[in-house]
Amino acid sequence: MYLGLDLGTSELKALLLADDHRIVALARAPLTVSRPQPLWSEQSPSQWWEALETAMASLRRTNADSLASVRAIGLSGQMHGAVALDAAGQVLRPAILWNDGRSAAQCDELTALVPHLADITGNLAMPGFTAPKLLWMRKHEPDLFARTASVLLPKDWLRHMLSGTRASDMSDASGTLWLDVAARDWSDEILAACGLAGQHMPALVEGSAVAGRLKPELAARWGLPAGIPIAGGGGDNAASAVGMGLVSAGQGFVSLGTSGVIFVCGDRFAPDPARAVHAFCHALPGRWHQMAVMLSASSAVTWAARSFGLGNESALLAAAATVAADGRRRAPIFLPYLSGERSPHNDANAQGVLIGLTHAHGPAEIAYAVVEGVSFGLRDGLDTLQKATGDLMLVGGGARSAWWAQLLADILQVPLAVCEGGEAGGALGAARLARLADGGSEAAVCLQPPVRQRFEPEASSRDIHAVRHLRFKALYAALRAGFATAGA
C-alpha cells in the first residue's frame with residue numbers, strides 16, 4: 001500500500017493506493033484562501049497541517065489495516081507558494097500563494113537584474129512564481145526577510161513537518177524561478193539577485209527518489225509503519241501526469257482545477273518564454289514538460305455560481321447546459337481573468353469582464369458565458385504549446401461534468417479522454433511516486449488508467465465557437481491598456 005498526499009488550494013487529499021493500482025480510499029479536508037488586500041492570496045501553513053491531521057484521522061477510522069501496510073509516502077502540491085522559515089524552522093508569515101499578484105513590480109526588477117533570466121529558467125518572471133515574492137518581502141517586510149533562514153514550497157513544508165528534512169523535487173522547484181531548469185540545479189546567480197544563497201534552499205531530488213523518512217511519533221499517531229520513506233514527489237501538475245501515466249514525449253492533459261492547465265510532456269528542455277509558456281522539469285528523471293496555465297478555471301465557475309445566485313458549481317453547469325445553439329450565439333462574452341492571467345498574456349492586471357448583456361439574458365446565459373470563457377482561456381493556452389500526440393486526458397474536479405468535457409473538446413478541437421482516477425489528480429501521482437521510491441519500476445507503476453469516457457469534437461459547433469473565440473480574443477486586446485490603469 002502507498003499513501004499519496006496532495007496539498008491543493010481548496011482541499012488536501014490523502015489517497016491510499018494498492019500495488020495492483022486500485023484506489024483503496026480517498027480522504028479530503030477543505031482549505032480556505034485569505035485575500036486581505038487586492039491581488040493578495042495567502043494561506044497559513046498551520047491550516048495545511050490541520051487538514052492533514054483531519055484526512056489522516058479519517059483514513060485511520062475507515063482503513064486502519066491499509067494504513068498499517070503502507071510502504072512509502074508521496075507528496076504533490078500547489079506550486080510556487082513561498083513559505084518563509086526562521087533559523088528555528090518557525091513560519092514567519094502566511095504563505096504567499098501561486099495566484100497572488102502583488103509582486104508584478106518585482107518581476108520587472110528581477111528581469112532587469114538578470115536579463116538572461118528566461119535562458120536559465122525557461123520562463124518569464126511572473127507574480128505567481130516564488131522568487132518575486134521574496135523580492136517583495138525584501139522591500140515591504142525587510143525585518144521578516146532578514147530573519148528568513150530558508151524558503152520552502154507548500155508540499156515541501158509538509159515534508160519538513162513529516163520528516164524534519166528540507167528537500168524539494170525538480171518539477172516543483174522549476175516553478176520558483178531559482179532553478180536552472182536544463183541543469184536541474186539551483187542558479188546561484190538568480191538567488192544572489194534576490195538576496196539569497198544556496199543555504200536558503202532545500203536539497204534537490206528527483207520526484208521518484210527518497211527525500212526523508214516519517215517521524216516515529218507521527219507514524220504512531222496515524223497507524224503507519226515507523227520510518228517509511230517519503231518520495232520527492234512533484235508539483236501538482238507533474239504529479240497528475242504521473243498519475244495518468246503521461247511520462248513520454250507528446251502525451252498531455254487538460255486540468256480543470258482551481259486553475260486551468262494544458263500540459264504536454266517532452267524529452268528535452270524546450271522553453272518558449274515569448275508566449276508565456278512554462279518549461280519545467282517533469283517529476284521523473286531526464287524529462288521535462290511544457291505547460292500553459294490560466295489562473296481562474298473552476299474557481300471562476302464557483303465565483304459565478306455564488307455571485308449570480310446559482311447555488312454551487314454543479315447547479316451552474318446544469319443551467320449552462322440548457323442553453324441551445326441559438327442562445328449560445330447570442331450569449332454574453334466572459335473574460336475569466338479574476339486573478340490576472342499567466343498564459344498566454346502574462347498580465348497580472350487583467351480582470352474579469354462580462355460584456356454583451358441584454359434584457360434577453362438570464363442566469364443560464366451568464367452561466368454558459370462563464371464556462372465558455374474558461375474554455376476559451378484554455379484554448380489560448382493550447383495554441384501556444386507543442387502539439388500533443390493523440391488524445392488529451394481530462395483531469396481535476398471539472399472533469400466530473402460530461403457536458404463541460406464535451407464543450408471543451410469542441411472548443412479545443414482535440415479529443416479528450418476521462419480515465420479512472422482522473423478526479424484524484426496529484427494524489428494518485430504522489431502515491432505512484434512513493435511506489436517508485438520504494439523500488440517500483442516505471443514500466444510497472446506508470447500505466448495509463450482505463451478510459452472511462454471519450455469526447456470527440458463535434459463538427460457542427462465548430463463555426464459558432466470559432467466566431468465567439470475571435471470576439472473573446474479581440475475583447476482582451478481592446479481592454480488590456482485599461483486593465484493596466486484600472487487600479488492606479
# chains A, B, ... in the order shown; residues from 1 in each chain; ligands from 1
>>> closest_atom_pairs(of="region 386-430 of chain A", to="region 290-297 of chain A", cutoff="12 Å", atoms="only C-alpha atoms", output="Markdown table")
| residue | atom | partner | partner_atom | distance |
| --- | --- | --- | --- | --- |
| A:Gln386 | CA | A:Gln290 | CA | 7.6 |
| A:Lys387 | CA | A:Gln290 | CA | 10.3 |
| A:Ala388 | CA | A:Gln290 | CA | 10.4 |
| A:Gly396 | CA | A:Ala297 | CA | 10.5 |
| A:Gly397 | CA | A:Ala297 | CA | 10.3 |
| A:Gly398 | CA | A:Ala297 | CA | 8.7 |
| A:Ala399 | CA | A:Ala297 | CA | 11.8 |
| A:Trp404 | CA | A:Ala297 | CA | 11.9 |
>>> select_by_dssp(residues="region 137-263 of chain A", states="alpha helix (DSSP H)", output="PyMOL selection string")
chain A and resi 137-140+142-147+154-163+170-173+188-193+216-222+236-243
>>> write_last_selection(atoms="N, CA and C atoms", output="compact mmCIF listing (two decimals), in the first residue's frame")
# COMPACT_ATOMS: atom_id res chain seq x y z
N MET A 137 8.99 40.67 -0.29
CA MET A 137 9.26 40.67 1.15
C MET A 137 10.47 41.53 1.48
N ARG A 138 11.51 41.43 0.65
CA ARG A 138 12.71 42.21 0.94
C ARG A 138 12.41 43.71 0.95
N LYS A 139 11.50 44.15 0.08
CA LYS A 139 11.17 45.58 0.02
C LYS A 139 10.15 45.98 1.08
N HIS A 140 9.10 45.18 1.24
CA HIS A 140 7.96 45.60 2.06
C HIS A 140 7.96 45.01 3.47
N PRO A 142 11.11 44.04 5.33
CA PRO A 142 12.56 43.81 5.44
C PRO A 142 12.96 43.07 6.72
N ASP A 143 12.26 43.30 7.82
CA ASP A 143 12.62 42.60 9.06
C ASP A 143 12.37 41.10 8.92
N LEU A 144 11.23 40.73 8.33
CA LEU A 144 10.93 39.32 8.13
C LEU A 144 11.90 38.70 7.13
N PHE A 145 12.22 39.45 6.08
CA PHE A 145 13.16 38.93 5.08
C PHE A 145 14.52 38.67 5.72
N ALA A 146 14.97 39.57 6.59
CA ALA A 146 16.27 39.41 7.24
C ALA A 146 16.29 38.19 8.14
N ARG A 147 15.14 37.80 8.67
CA ARG A 147 15.06 36.63 9.56
C ARG A 147 14.84 35.33 8.80
N PRO A 154 4.96 24.78 -0.67
CA PRO A 154 3.93 24.24 0.25
C PRO A 154 4.08 22.76 0.57
N LYS A 155 4.17 21.90 -0.44
CA LYS A 155 4.26 20.47 -0.15
C LYS A 155 5.57 20.13 0.57
N ASP A 156 6.61 20.93 0.29
CA ASP A 156 7.90 20.67 0.91
C ASP A 156 7.90 21.10 2.38
N TRP A 157 7.04 22.07 2.73
CA TRP A 157 6.86 22.38 4.14
C TRP A 157 6.18 21.20 4.85
N LEU A 158 5.22 20.57 4.19
CA LEU A 158 4.62 19.37 4.76
C LEU A 158 5.68 18.29 4.97
N ARG A 159 6.55 18.10 3.99
CA ARG A 159 7.64 17.11 4.13
C ARG A 159 8.50 17.44 5.35
N HIS A 160 8.83 18.72 5.51
CA HIS A 160 9.64 19.15 6.64
C HIS A 160 8.95 18.79 7.95
N MET A 161 7.64 18.97 8.02
CA MET A 161 6.89 18.63 9.22
C MET A 161 6.81 17.12 9.42
N LEU A 162 6.73 16.38 8.32
CA LEU A 162 6.61 14.93 8.39
C LEU A 162 7.92 14.24 8.75
N SER A 163 9.02 14.84 8.31
CA SER A 163 10.31 14.13 8.41
C SER A 163 11.44 14.92 9.04
N MET A 170 12.47 18.28 -8.54
CA MET A 170 12.81 19.12 -9.69
C MET A 170 11.59 19.81 -10.31
N SER A 171 10.44 19.13 -10.35
CA SER A 171 9.28 19.73 -11.01
C SER A 171 8.76 20.92 -10.22
N ASP A 172 8.63 20.78 -8.91
CA ASP A 172 8.15 21.88 -8.09
C ASP A 172 9.17 23.01 -8.04
N ALA A 173 10.44 22.65 -7.92
CA ALA A 173 11.49 23.67 -7.87
C ALA A 173 11.56 24.48 -9.16
N ASP A 188 22.88 29.97 -8.71
CA ASP A 188 23.46 30.88 -7.73
C ASP A 188 23.27 32.34 -8.15
N GLU A 189 23.31 32.58 -9.46
CA GLU A 189 23.17 33.95 -9.95
C GLU A 189 21.80 34.53 -9.63
N ILE A 190 20.75 33.76 -9.86
CA ILE A 190 19.40 34.28 -9.61
C ILE A 190 19.14 34.38 -8.11
N LEU A 191 19.62 33.41 -7.35
CA LEU A 191 19.47 33.51 -5.89
C LEU A 191 20.14 34.77 -5.36
N ALA A 192 21.33 35.07 -5.84
CA ALA A 192 22.04 36.26 -5.37
C ALA A 192 21.28 37.53 -5.72
N ALA A 193 20.64 37.55 -6.89
CA ALA A 193 19.85 38.72 -7.29
C ALA A 193 18.68 38.95 -6.35
N PRO A 216 8.80 9.05 13.93
CA PRO A 216 8.17 7.96 14.68
C PRO A 216 6.88 8.37 15.38
N GLU A 217 6.82 9.58 15.93
CA GLU A 217 5.62 9.99 16.66
C GLU A 217 4.41 10.14 15.74
N LEU A 218 4.65 10.55 14.47
CA LEU A 218 3.55 10.65 13.52
C LEU A 218 3.11 9.27 13.06
N ALA A 219 4.06 8.38 12.85
CA ALA A 219 3.73 7.01 12.47
C ALA A 219 2.83 6.38 13.54
N ALA A 220 3.16 6.61 14.80
CA ALA A 220 2.37 6.03 15.89
C ALA A 220 0.97 6.63 15.93
N ARG A 221 0.88 7.95 15.71
CA ARG A 221 -0.43 8.62 15.80
C ARG A 221 -1.37 8.19 14.68
N TRP A 222 -0.81 7.96 13.50
CA TRP A 222 -1.66 7.66 12.33
C TRP A 222 -1.75 6.18 11.99
N ASP A 236 1.87 19.84 -8.48
CA ASP A 236 0.57 19.20 -8.69
C ASP A 236 0.38 18.71 -10.12
N ASN A 237 0.81 19.46 -11.10
CA ASN A 237 0.56 19.07 -12.48
C ASN A 237 1.48 17.93 -12.93
N ALA A 238 2.75 18.00 -12.56
CA ALA A 238 3.66 16.90 -12.90
C ALA A 238 3.22 15.62 -12.21
N ALA A 239 2.77 15.74 -10.96
CA ALA A 239 2.29 14.55 -10.25
C ALA A 239 1.03 14.00 -10.90
N SER A 240 0.12 14.88 -11.32
CA SER A 240 -1.07 14.42 -12.03
C SER A 240 -0.71 13.66 -13.29
N ALA A 241 0.31 14.14 -14.00
CA ALA A 241 0.75 13.45 -15.22
C ALA A 241 1.26 12.05 -14.89
N VAL A 242 2.02 11.92 -13.82
CA VAL A 242 2.48 10.59 -13.41
C VAL A 242 1.29 9.71 -13.06
N GLY A 243 0.31 10.27 -12.38
CA GLY A 243 -0.88 9.52 -12.02
C GLY A 243 -1.65 9.01 -13.22
>>> select_by_dssp(residues="region 256-396 of chain A", states="strand (DSSP E)", output="PyMOL selection string")
chain A and resi 256+260-266+278-281+288-294+333-336+352-355+392-395
>>> closest_residue(among="A:Ser174, A:Ala319, A:Gly482, A:Trp186", to="Val353 (chain A)", atoms="only C-alpha atoms")
A:Gly482
>>> atom_distance(atom1="CA of Tyr476 (chain A)", atom2="CA of Asn312 (chain A)")
27.4 Å
>>> closest_residue(among="A:Glu372, A:Glu313, A:Asp86, A:Asp326", to="Ser401 (chain A)", atoms="only C-alpha atoms")
A:Glu313
>>> residues_around(residues="region 15-24 of chain A", least_positions_apart="6", cutoff="12 Å", atoms="only C-alpha atoms", output="PyMOL selection string")
chain A and resi 1-7+52+55-56+58-60+62-76+224+243-245+420-436+438+440-441+444-450
>>> residues_around(residues="Ala279 (chain A)", least_positions_apart="3", cutoff="7 Å", atoms="only C-alpha atoms", output="list of chain:residue names")
A:Gly122, A:Asn123, A:Phe269, A:Ala270, A:Pro271, A:His289, A:Gln290, A:Met291
>>> write_last_selection(atoms="N, CA and C atoms", output="mmCIF file, in the first residue's frame")
data_model
loop_
_atom_site.group_PDB
_atom_site.id
_atom_site.type_symbol
_atom_site.label_atom_id
_atom_site.label_comp_id
_atom_site.auth_asym_id
_atom_site.auth_seq_id
_atom_site.Cartn_x
_atom_site.Cartn_y
_atom_site.Cartn_z
ATOM 1 N N GLY A 122 13.866 29.133 -18.298
ATOM 2 C CA GLY A 122 12.905 28.716 -19.310
ATOM 3 C C GLY A 122 11.573 29.412 -19.195
ATOM 4 N N ASN A 123 11.483 30.420 -18.327
ATOM 5 C CA ASN A 123 10.202 31.062 -18.047
ATOM 6 C C ASN A 123 10.375 32.555 -17.854
ATOM 7 N N PHE A 269 14.481 19.981 -22.716
ATOM 8 C CA PHE A 269 14.141 21.316 -22.242
ATOM 9 C C PHE A 269 13.756 22.161 -23.451
ATOM 10 N N ALA A 270 12.514 22.635 -23.530
ATOM 11 C CA ALA A 270 12.014 23.344 -24.703
ATOM 12 C C ALA A 270 11.302 24.632 -24.280
ATOM 13 N N PRO A 271 12.065 25.653 -23.881
ATOM 14 C CA PRO A 271 11.432 26.897 -23.420
ATOM 15 C C PRO A 271 10.830 27.700 -24.564
ATOM 16 N N HIS A 289 8.622 19.213 -19.355
ATOM 17 C CA HIS A 289 7.299 19.399 -19.947
ATOM 18 C C HIS A 289 7.056 20.873 -20.218
ATOM 19 N N GLN A 290 6.155 21.125 -21.144
ATOM 20 C CA GLN A 290 5.633 22.474 -21.377
ATOM 21 C C GLN A 290 4.259 22.567 -20.739
ATOM 22 N N MET A 291 3.898 23.785 -20.345
ATOM 23 C CA MET A 291 2.626 23.957 -19.670
ATOM 24 C C MET A 291 2.109 25.372 -19.910
#
>>> residues_around(residues="Val181 (chain A)", least_positions_apart="2", cutoff="7 Å", atoms="only C-alpha atoms", output="list in words")
Ile120, Thr121, Gly122, Ser174, Leu179, Ala183, Arg184, Asp185, Phe280 and Cys281 of chain A
>>> residues_around(residues="Thr111 (chain A)", least_positions_apart="3", cutoff="12 Å", atoms="only C-alpha atoms", output="MDAnalysis selection string")
chainID A and resid 104:108 114:121 123:126 131:132 135 177 190 193:194
>>> atom_distance(atom1="CA of Arg287 (chain A)", atom2="CA of Ala249 (chain A)")
8.4 Å
>>> atom_distance(atom1="CA of Ala367 (chain A)", atom2="CA of Pro332 (chain A)")
9.6 Å
>>> residues_around(residues="Ala88 (chain A)", least_positions_apart="5", cutoff="12 Å", atoms="only C-alpha atoms", output="ChimeraX atom specification")
/A:147-150,164
>>> write_last_selection(atoms="C-alpha atoms", output="PDB file, in the first residue's frame")
ATOM      1  CA  ARG A 147      15.064  36.628   9.558  1.00  0.00           C
ATOM      2  CA  THR A 148      14.376  34.224   6.676  1.00  0.00           C
ATOM      3  CA  ALA A 149      16.723  31.260   7.001  1.00  0.00           C
ATOM      4  CA  SER A 150      15.025  29.006   4.452  1.00  0.00           C
ATOM      5  CA  GLY A 164      12.416  17.080   9.534  1.00  0.00           C
TER       6      GLY A 164
END
